[in-house]
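**Q** My structure file protein.cif, mmCIF, C-alpha atoms, is below:
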```cif
data_model
#
loop_
_atom_site.group_PDB
_atom_site.id
_atom_site.type_symbol
_atom_site.label_atom_id
_atom_site.label_comp_id
_atom_site.auth_asym_id
_atom_site.auth_seq_id
_atom_site.Cartn_x
_atom_site.Cartn_y
_atom_site.Cartn_z
ATOM 1 C CA GLU A 20 89.004 85.416 106.201
ATOM 2 C CA THR A 21 87.340 83.548 103.369
ATOM 3 C CA GLY A 22 83.735 83.990 104.429
ATOM 4 C CA VAL A 23 83.294 80.219 104.725
ATOM 5 C CA THR A 24 82.477 79.166 108.270
ATOM 6 C CA GLN A 25 82.365 75.661 109.673
ATOM 7 C CA SER A 26 80.942 74.398 112.933
ATOM 8 C CA PRO A 27 81.887 73.021 115.290
ATOM 9 C CA THR A 28 85.639 73.613 115.212
ATOM 10 C CA HIS A 29 86.404 70.539 117.290
ATOM 11 C CA LEU A 30 84.393 67.456 118.112
ATOM 12 C CA ILE A 31 84.957 64.195 119.968
ATOM 13 C CA LYS A 32 82.682 61.244 119.248
ATOM 14 C CA THR A 33 82.561 57.593 120.189
ATOM 15 C CA ARG A 34 82.880 54.800 117.642
ATOM 16 C CA GLY A 35 79.460 53.882 116.239
ATOM 17 C CA GLN A 36 77.932 57.292 116.829
ATOM 18 C CA GLN A 37 76.658 59.691 114.176
ATOM 19 C CA VAL A 38 77.909 63.217 113.531
ATOM 20 C CA THR A 39 76.712 66.265 111.590
ATOM 21 C CA LEU A 40 79.123 68.952 110.466
ATOM 22 C CA ARG A 41 77.944 72.288 109.120
ATOM 23 C CA CYS A 42 79.241 74.769 106.595
ATOM 24 C CA SER A 43 78.094 78.237 105.608
ATOM 25 C CA SER A 44 79.343 79.108 102.167
ATOM 26 C CA GLN A 45 80.580 82.480 101.008
ATOM 27 C CA SER A 46 77.908 84.874 99.827
ATOM 28 C CA GLY A 47 77.133 84.363 96.137
ATOM 29 C CA HIS A 48 78.614 80.859 95.997
ATOM 30 C CA ASN A 49 76.335 78.038 94.873
ATOM 31 C CA THR A 50 78.781 75.128 95.017
ATOM 32 C CA VAL A 51 80.027 73.374 98.135
ATOM 33 C CA SER A 52 82.593 70.588 98.343
ATOM 34 C CA TRP A 53 83.581 68.519 101.354
ATOM 35 C CA TYR A 54 86.994 67.026 102.000
ATOM 36 C CA GLN A 55 88.539 64.733 104.598
ATOM 37 C CA GLN A 56 92.140 65.426 105.523
ATOM 38 C CA ALA A 57 94.080 62.968 107.647
ATOM 39 C CA LEU A 58 97.185 64.151 109.443
ATOM 40 C CA GLY A 59 100.105 64.687 107.060
ATOM 41 C CA GLN A 60 98.063 63.992 103.943
ATOM 42 C CA GLY A 61 96.331 66.059 101.306
ATOM 43 C CA PRO A 62 92.567 66.574 101.358
ATOM 44 C CA GLN A 63 90.476 63.692 99.994
ATOM 45 C CA PHE A 64 87.377 64.676 98.023
ATOM 46 C CA ILE A 65 84.159 63.369 99.625
ATOM 47 C CA PHE A 66 81.441 64.968 97.501
ATOM 48 C CA GLN A 67 80.253 68.181 95.929
ATOM 49 C CA TYR A 68 76.862 69.902 95.859
ATOM 50 C CA TYR A 69 75.746 72.318 93.184
ATOM 51 C CA ARG A 70 72.447 74.127 93.661
ATOM 52 C CA GLU A 71 71.223 71.565 96.227
ATOM 53 C CA GLU A 72 72.105 68.483 94.151
ATOM 54 C CA GLU A 73 75.067 66.157 94.610
ATOM 55 C CA ASN A 74 77.046 66.301 91.361
ATOM 56 C CA GLY A 75 80.236 64.484 92.244
ATOM 57 C CA ARG A 76 81.418 61.937 94.783
ATOM 58 C CA GLY A 77 84.771 60.557 95.777
ATOM 59 C CA ASN A 78 85.616 57.085 97.047
ATOM 60 C CA PHE A 79 83.714 57.252 100.330
ATOM 61 C CA PRO A 80 81.089 54.778 101.606
ATOM 62 C CA PRO A 81 77.361 55.634 101.753
ATOM 63 C CA ARG A 82 77.555 56.323 105.471
ATOM 64 C CA PHE A 83 79.022 59.666 104.388
ATOM 65 C CA SER A 84 76.088 61.738 103.201
ATOM 66 C CA GLY A 85 75.306 65.381 102.751
ATOM 67 C CA LEU A 86 72.795 68.086 102.093
ATOM 68 C CA GLN A 87 72.832 71.526 100.574
ATOM 69 C CA PHE A 88 70.114 73.981 101.528
ATOM 70 C CA PRO A 89 68.402 76.715 99.468
ATOM 71 C CA ASN A 90 70.730 79.309 100.994
ATOM 72 C CA TYR A 91 73.632 77.087 99.777
ATOM 73 C CA SER A 92 74.809 76.198 103.274
ATOM 74 C CA SER A 93 75.619 72.524 103.669
ATOM 75 C CA GLU A 94 75.854 69.614 106.057
ATOM 76 C CA LEU A 95 78.059 66.548 106.119
ATOM 77 C CA ASN A 96 76.642 63.560 107.985
ATOM 78 C CA VAL A 97 78.673 60.528 108.955
ATOM 79 C CA ASN A 98 76.956 57.470 110.412
ATOM 80 C CA ALA A 99 78.473 54.543 112.311
ATOM 81 C CA LEU A 100 81.685 56.393 113.052
ATOM 82 C CA GLU A 101 84.928 54.454 112.850
ATOM 83 C CA LEU A 102 88.286 55.272 114.405
ATOM 84 C CA ASP A 103 89.701 55.974 110.926
ATOM 85 C CA ASP A 104 87.153 58.756 110.451
ATOM 86 C CA SER A 105 89.259 60.898 112.766
ATOM 87 C CA ALA A 106 90.442 63.761 110.570
ATOM 88 C CA LEU A 107 90.078 67.420 109.667
ATOM 89 C CA TYR A 108 86.918 67.907 107.614
ATOM 90 C CA LEU A 109 87.069 70.809 105.217
ATOM 91 C CA CYS A 110 84.299 72.582 103.417
ATOM 92 C CA ALA A 111 84.978 74.681 100.316
ATOM 93 C CA SER A 112 82.644 76.953 98.411
ATOM 94 C CA SER A 113 82.986 78.320 94.914
ATOM 95 C CA GLN A 114 81.019 80.560 92.613
ATOM 96 C CA GLU A 115 80.250 77.955 90.002
ATOM 97 C CA TRP A 116 80.602 74.242 89.533
ATOM 98 C CA GLY A 117 83.825 73.180 87.959
ATOM 99 C CA GLN A 118 87.366 74.363 87.669
ATOM 100 C CA GLY A 119 88.218 77.119 85.319
ATOM 101 C CA PRO A 120 88.546 80.869 85.353
ATOM 102 C CA ASN A 121 87.133 82.438 88.491
ATOM 103 C CA THR A 122 86.102 79.140 90.044
ATOM 104 C CA GLU A 123 88.644 79.124 92.838
ATOM 105 C CA ALA A 124 87.470 77.385 95.972
ATOM 106 C CA PHE A 125 87.407 79.148 99.311
ATOM 107 C CA PHE A 126 87.960 76.878 102.285
ATOM 108 C CA GLY A 127 86.739 77.109 105.833
ATOM 109 C CA GLN A 128 88.966 76.472 108.831
ATOM 110 C CA GLY A 129 87.723 72.921 109.123
ATOM 111 C CA THR A 130 86.230 70.739 111.833
ATOM 112 C CA ARG A 131 88.642 68.519 113.721
ATOM 113 C CA LEU A 132 86.793 65.252 114.416
ATOM 114 C CA THR A 133 88.243 62.753 116.850
ATOM 115 C CA VAL A 134 86.636 59.310 117.139
ATOM 116 C CA VAL A 135 87.498 57.347 120.267
ATOM 117 C CA LEU B 11 91.424 61.665 86.749
ATOM 118 C CA ALA B 12 94.763 63.411 86.399
ATOM 119 C CA LYS B 13 97.298 62.812 89.139
ATOM 120 C CA THR B 14 100.107 65.081 90.139
ATOM 121 C CA THR B 15 103.608 64.490 91.429
ATOM 122 C CA GLN B 16 105.459 67.039 93.547
ATOM 123 C CA PRO B 17 108.568 66.961 95.710
ATOM 124 C CA ILE B 18 107.714 65.960 99.250
ATOM 125 C CA SER B 19 109.685 68.811 100.791
ATOM 126 C CA MET B 20 111.896 71.780 99.963
ATOM 127 C CA ASP B 21 114.029 74.173 101.982
ATOM 128 C CA SER B 22 114.982 77.728 101.125
ATOM 129 C CA TYR B 23 116.028 80.987 102.764
ATOM 130 C CA GLU B 24 114.339 84.307 103.286
ATOM 131 C CA GLY B 25 114.618 86.622 100.286
ATOM 132 C CA GLN B 26 115.187 83.804 97.796
ATOM 133 C CA GLU B 27 112.980 82.889 94.874
ATOM 134 C CA VAL B 28 111.442 79.442 95.266
ATOM 135 C CA ASN B 29 110.264 77.282 92.389
ATOM 136 C CA ILE B 30 108.118 74.212 93.009
ATOM 137 C CA THR B 31 107.548 71.935 90.037
ATOM 138 C CA CYS B 32 104.581 69.641 89.599
ATOM 139 C CA SER B 33 104.255 66.828 87.057
ATOM 140 C CA HIS B 34 100.861 65.989 85.563
ATOM 141 C CA ASN B 35 101.607 63.758 82.603
ATOM 142 C CA ASN B 36 98.018 62.764 81.849
ATOM 143 C CA ILE B 37 96.408 66.172 82.108
ATOM 144 C CA ALA B 38 93.246 66.392 80.017
ATOM 145 C CA THR B 39 92.627 68.955 77.307
ATOM 146 C CA ASN B 40 90.159 70.987 79.356
ATOM 147 C CA ASP B 41 91.926 70.690 82.724
ATOM 148 C CA TYR B 42 93.161 73.755 84.553
ATOM 149 C CA ILE B 43 96.125 73.792 86.935
ATOM 150 C CA THR B 44 95.594 75.292 90.356
ATOM 151 C CA TRP B 45 97.907 75.779 93.318
ATOM 152 C CA TYR B 46 96.859 76.075 96.946
ATOM 153 C CA GLN B 47 98.764 76.918 100.124
ATOM 154 C CA GLN B 48 97.935 75.383 103.489
ATOM 155 C CA PHE B 49 99.130 76.290 106.974
ATOM 156 C CA PRO B 50 98.782 73.798 109.861
ATOM 157 C CA SER B 51 95.208 73.374 111.118
ATOM 158 C CA GLN B 52 93.818 75.746 108.490
ATOM 159 C CA GLY B 53 91.949 75.246 105.256
ATOM 160 C CA PRO B 54 93.885 75.549 101.980
ATOM 161 C CA ARG B 55 94.116 78.986 100.391
ATOM 162 C CA PHE B 56 94.022 79.601 96.643
ATOM 163 C CA ILE B 57 97.284 80.941 95.216
ATOM 164 C CA ILE B 58 97.056 80.891 91.442
ATOM 165 C CA GLN B 59 95.433 79.134 88.496
ATOM 166 C CA GLY B 60 96.357 78.758 84.849
ATOM 167 C CA TYR B 61 95.762 76.859 81.642
ATOM 168 C CA LYS B 62 98.873 77.527 79.583
ATOM 169 C CA THR B 63 101.982 79.737 79.281
ATOM 170 C CA LYS B 64 102.466 82.114 82.197
ATOM 171 C CA VAL B 65 100.151 83.593 84.783
ATOM 172 C CA THR B 66 101.192 86.148 87.374
ATOM 173 C CA ASN B 67 99.375 87.681 90.304
ATOM 174 C CA GLU B 68 100.421 89.676 93.338
ATOM 175 C CA VAL B 69 101.820 86.680 95.217
ATOM 176 C CA ALA B 70 103.139 84.190 92.651
ATOM 177 C CA SER B 71 103.765 83.223 89.054
ATOM 178 C CA LEU B 72 102.771 80.014 87.334
ATOM 179 C CA PHE B 73 104.737 78.709 84.365
ATOM 180 C CA ILE B 74 103.166 76.068 82.130
ATOM 181 C CA PRO B 75 105.091 74.677 79.134
ATOM 182 C CA ALA B 76 103.422 74.045 75.805
ATOM 183 C CA ASP B 77 102.841 70.326 76.445
ATOM 184 C CA ARG B 78 101.191 71.162 79.813
ATOM 185 C CA LYS B 79 102.623 67.992 81.375
ATOM 186 C CA SER B 80 104.184 69.994 84.178
ATOM 187 C CA SER B 81 103.894 73.360 85.855
ATOM 188 C CA THR B 82 106.111 75.459 88.098
ATOM 189 C CA LEU B 83 104.940 77.680 90.909
ATOM 190 C CA SER B 84 107.342 80.543 91.499
ATOM 191 C CA LEU B 85 107.326 82.456 94.787
ATOM 192 C CA PRO B 86 109.470 85.606 94.623
ATOM 193 C CA ARG B 87 111.494 86.709 97.646
ATOM 194 C CA VAL B 88 110.008 84.321 100.184
ATOM 195 C CA SER B 89 109.683 85.112 103.887
ATOM 196 C CA LEU B 90 109.354 82.932 106.977
ATOM 197 C CA SER B 91 105.567 83.199 106.697
ATOM 198 C CA ASP B 92 105.661 81.329 103.388
ATOM 199 C CA THR B 93 106.493 78.145 105.300
ATOM 200 C CA ALA B 94 103.522 75.929 104.436
ATOM 201 C CA VAL B 95 102.390 72.979 102.348
ATOM 202 C CA TYR B 96 101.776 73.740 98.680
ATOM 203 C CA TYR B 97 99.403 71.640 96.600
ATOM 204 C CA CYS B 98 99.212 71.358 92.839
ATOM 205 C CA LEU B 99 95.917 70.194 91.394
ATOM 206 C CA VAL B 100 94.544 69.592 87.933
ATOM 207 C CA GLY B 101 90.928 69.227 87.016
ATOM 208 C CA GLY B 102 88.154 70.456 84.812
ATOM 209 C CA MET B 103 85.301 69.415 82.609
ATOM 210 C CA ASP B 104 86.991 66.213 81.397
ATOM 211 C CA SER B 105 87.400 64.928 84.944
ATOM 212 C CA ASN B 106 83.903 65.935 85.961
ATOM 213 C CA TYR B 107 85.543 68.762 87.905
ATOM 214 C CA GLN B 108 86.780 66.395 90.604
ATOM 215 C CA LEU B 109 90.113 67.375 92.056
ATOM 216 C CA ILE B 110 92.655 64.892 93.362
ATOM 217 C CA TRP B 111 94.985 66.245 96.000
ATOM 218 C CA GLY B 112 98.394 64.703 96.509
ATOM 219 C CA ALA B 113 100.452 65.013 99.667
ATOM 220 C CA GLY B 114 101.752 68.411 98.557
ATOM 221 C CA THR B 115 105.181 69.972 98.994
ATOM 222 C CA LYS B 116 106.205 71.033 102.473
ATOM 223 C CA LEU B 117 108.198 74.233 102.016
ATOM 224 C CA ILE B 118 110.376 75.358 104.905
ATOM 225 C CA ILE B 119 111.853 78.847 104.806
ATOM 226 C CA LYS B 120 114.864 79.460 107.020
ATOM 227 C CA PRO B 121 116.160 82.821 108.326
#
```
Output the file's structure as structure tokens, nothing else.
**A**
Amino acid sequence: ETGVTQSPTHLIKTRGQQVTLRCSSQSGHNTVSWYQQALGQGPQFIFQYYREEENGRGNFPPRFSGLQFPNYSSELNVNALELDDSALYLCASSQEWGQGPNTEAFFGQGTRLTVV
Amino acid sequence: LAKTTQPISMDSYEGQEVNITCSHNNIATNDYITWYQQFPSQGPRFIIQGYKTKVTNEVASLFIPADRKSSTLSLPRVSLSDTAVYYCLVGGMDSNYQLIWGAGTKLIIKP
């Protein structure tokens, strides 16, 4: 158990719809990152939030957006869903922004999104 | 952003020591090297992190040569439960802390 919880665990949506995925970070962690993982591939970085501000973004279109709240929980929103958005969406929290000593990321179990 | 290269898959047997090597030829000065383990339908789990030389914790060792262009994750006396995908990542201040994940190494442990 990492202390990072994601909801829902599974979700089925229709192409063109919008979806919101949620993540509760581990206590004491102020940084949240979101990843998309297609079957058989490594996670792809979507974006990262540090103290409620986006401070890094991967190669994803603007229809992928997010929020981080004062309690450091986070949401990932995806608009105009496409079939290729079907994937496991992972949330990771860490104590501080960046990679270095004691900045290991703790991942949730993920949300399996299927777009039909 | 630094990229990593790992073997796609490896097989070993219970009780053996397993070494997985990762190449990261363009690692930046301030980048750290981190390894994660992932089981099917679960989020990755942190294994070990290092900057140079050798790091050891209760589950693994990480060997990093002086030029830091590669690293080797060493798993002592593996068991069937170590069957998983292992990812090597590099990142830090110079890459704006963004991490690029490759496809990882699928490790299969046989009885």
**Q** Measuring between all atoms listed in the file, which one of A:Arg70, A:His48, A:Arg41, A:His29 shows the shortest distance to Ala106 (chain A)?
**A**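 The answer is A:His29, which sits nearest to Ala106 (chain A).
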**Q** Taking the file above as input, evaluate the PyMOL selection byres ((chain A) within 12 of (chain B)) and report the hits as a VMD selection string.
**A** chain A and resid 20 to 21 23 to 25 28 to 29 50 52 to 69 74 to 78 106 to 113 115 to 131
**Q** Exactly which residues make up the result of the PyMOL selection byres ((chain A and resi 94) around 8) on this file, given as a PyMOL selection string?
**A** chain A and resi 39-42+85-87+92-93+95-96
**Q** Generate a file of the selected residues that holds C-alpha atoms, formatted as a JSON list (two decimals), keeping the file's coordinate frame.
**A**
```json
[["chain", "number", "residue", "atom", "x", "y", "z"],
["A", 39, "THR", "CA", 76.71, 66.26, 111.59],
["A", 40, "LEU", "CA", 79.12, 68.95, 110.47],
["A", 41, "ARG", "CA", 77.94, 72.29, 109.12],
["A", 42, "CYS", "CA", 79.24, 74.77, 106.60],
["A", 85, "GLY", "CA", 75.31, 65.38, 102.75],
["A", 86, "LEU", "CA", 72.80, 68.09, 102.09],
["A", 87, "GLN", "CA", 72.83, 71.53, 100.57],
["A", 92, "SER", "CA", 74.81, 76.20, 103.27],
["A", 93, "SER", "CA", 75.62, 72.52, 103.67],
["A", 95, "LEU", "CA", 78.06, 66.55, 106.12],
["A", 96, "ASN", "CA", 76.64, 63.56, 107.98]]
```
**Q** Can you turn the PyMOL selection byres ((chain A and resi 35) around 12) into a concrete residue list for this file, as a list in words?
**A**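 Selection result, ordered by chain and number: Lys32, Thr33, Arg34, Gln36, Gln37, Val38, Arg82, Val97, Asn98, Ala99, Leu100, Glu101, Leu102, Asp103, Asp104, Val134 and Val135 of chain A.
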**Q** Hey, can you check how far CA of Asn49 (chain A) sits from CA of Gly22 (chain A)?
**A**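 Those two atoms sit 13.5 Å apart.
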**Q** Which of these residues is nearest to Ile18 (chain B), using all atoms listed in the file: B:Pro121, B:Ile37, B:Ser80, B:Ala94?
**A** B:Ala94
**Q** Would you pick out the contacts of Gly25 (chain B) at 9 Å or less, using only C-alpha atoms, so that residues sharing its chain but fewer than 2 positions from it are not included, and give the list as a ChimeraX atom specification?
**A** /B:22-23,27,86-89
**Q** Return the padded bounding box of region 31-48 of chain B as AutoDock Vina command-line options: axis-aligned, built from all atoms listed in the file, 4 Å added on each side, with centre and edge lengths in Å to one decimal.
**A**
```
--center_x 98.9 --center_y 69.8 --center_z 90.4 --size_x 25.4 --size_y 22.2 --size_z 34.2
```
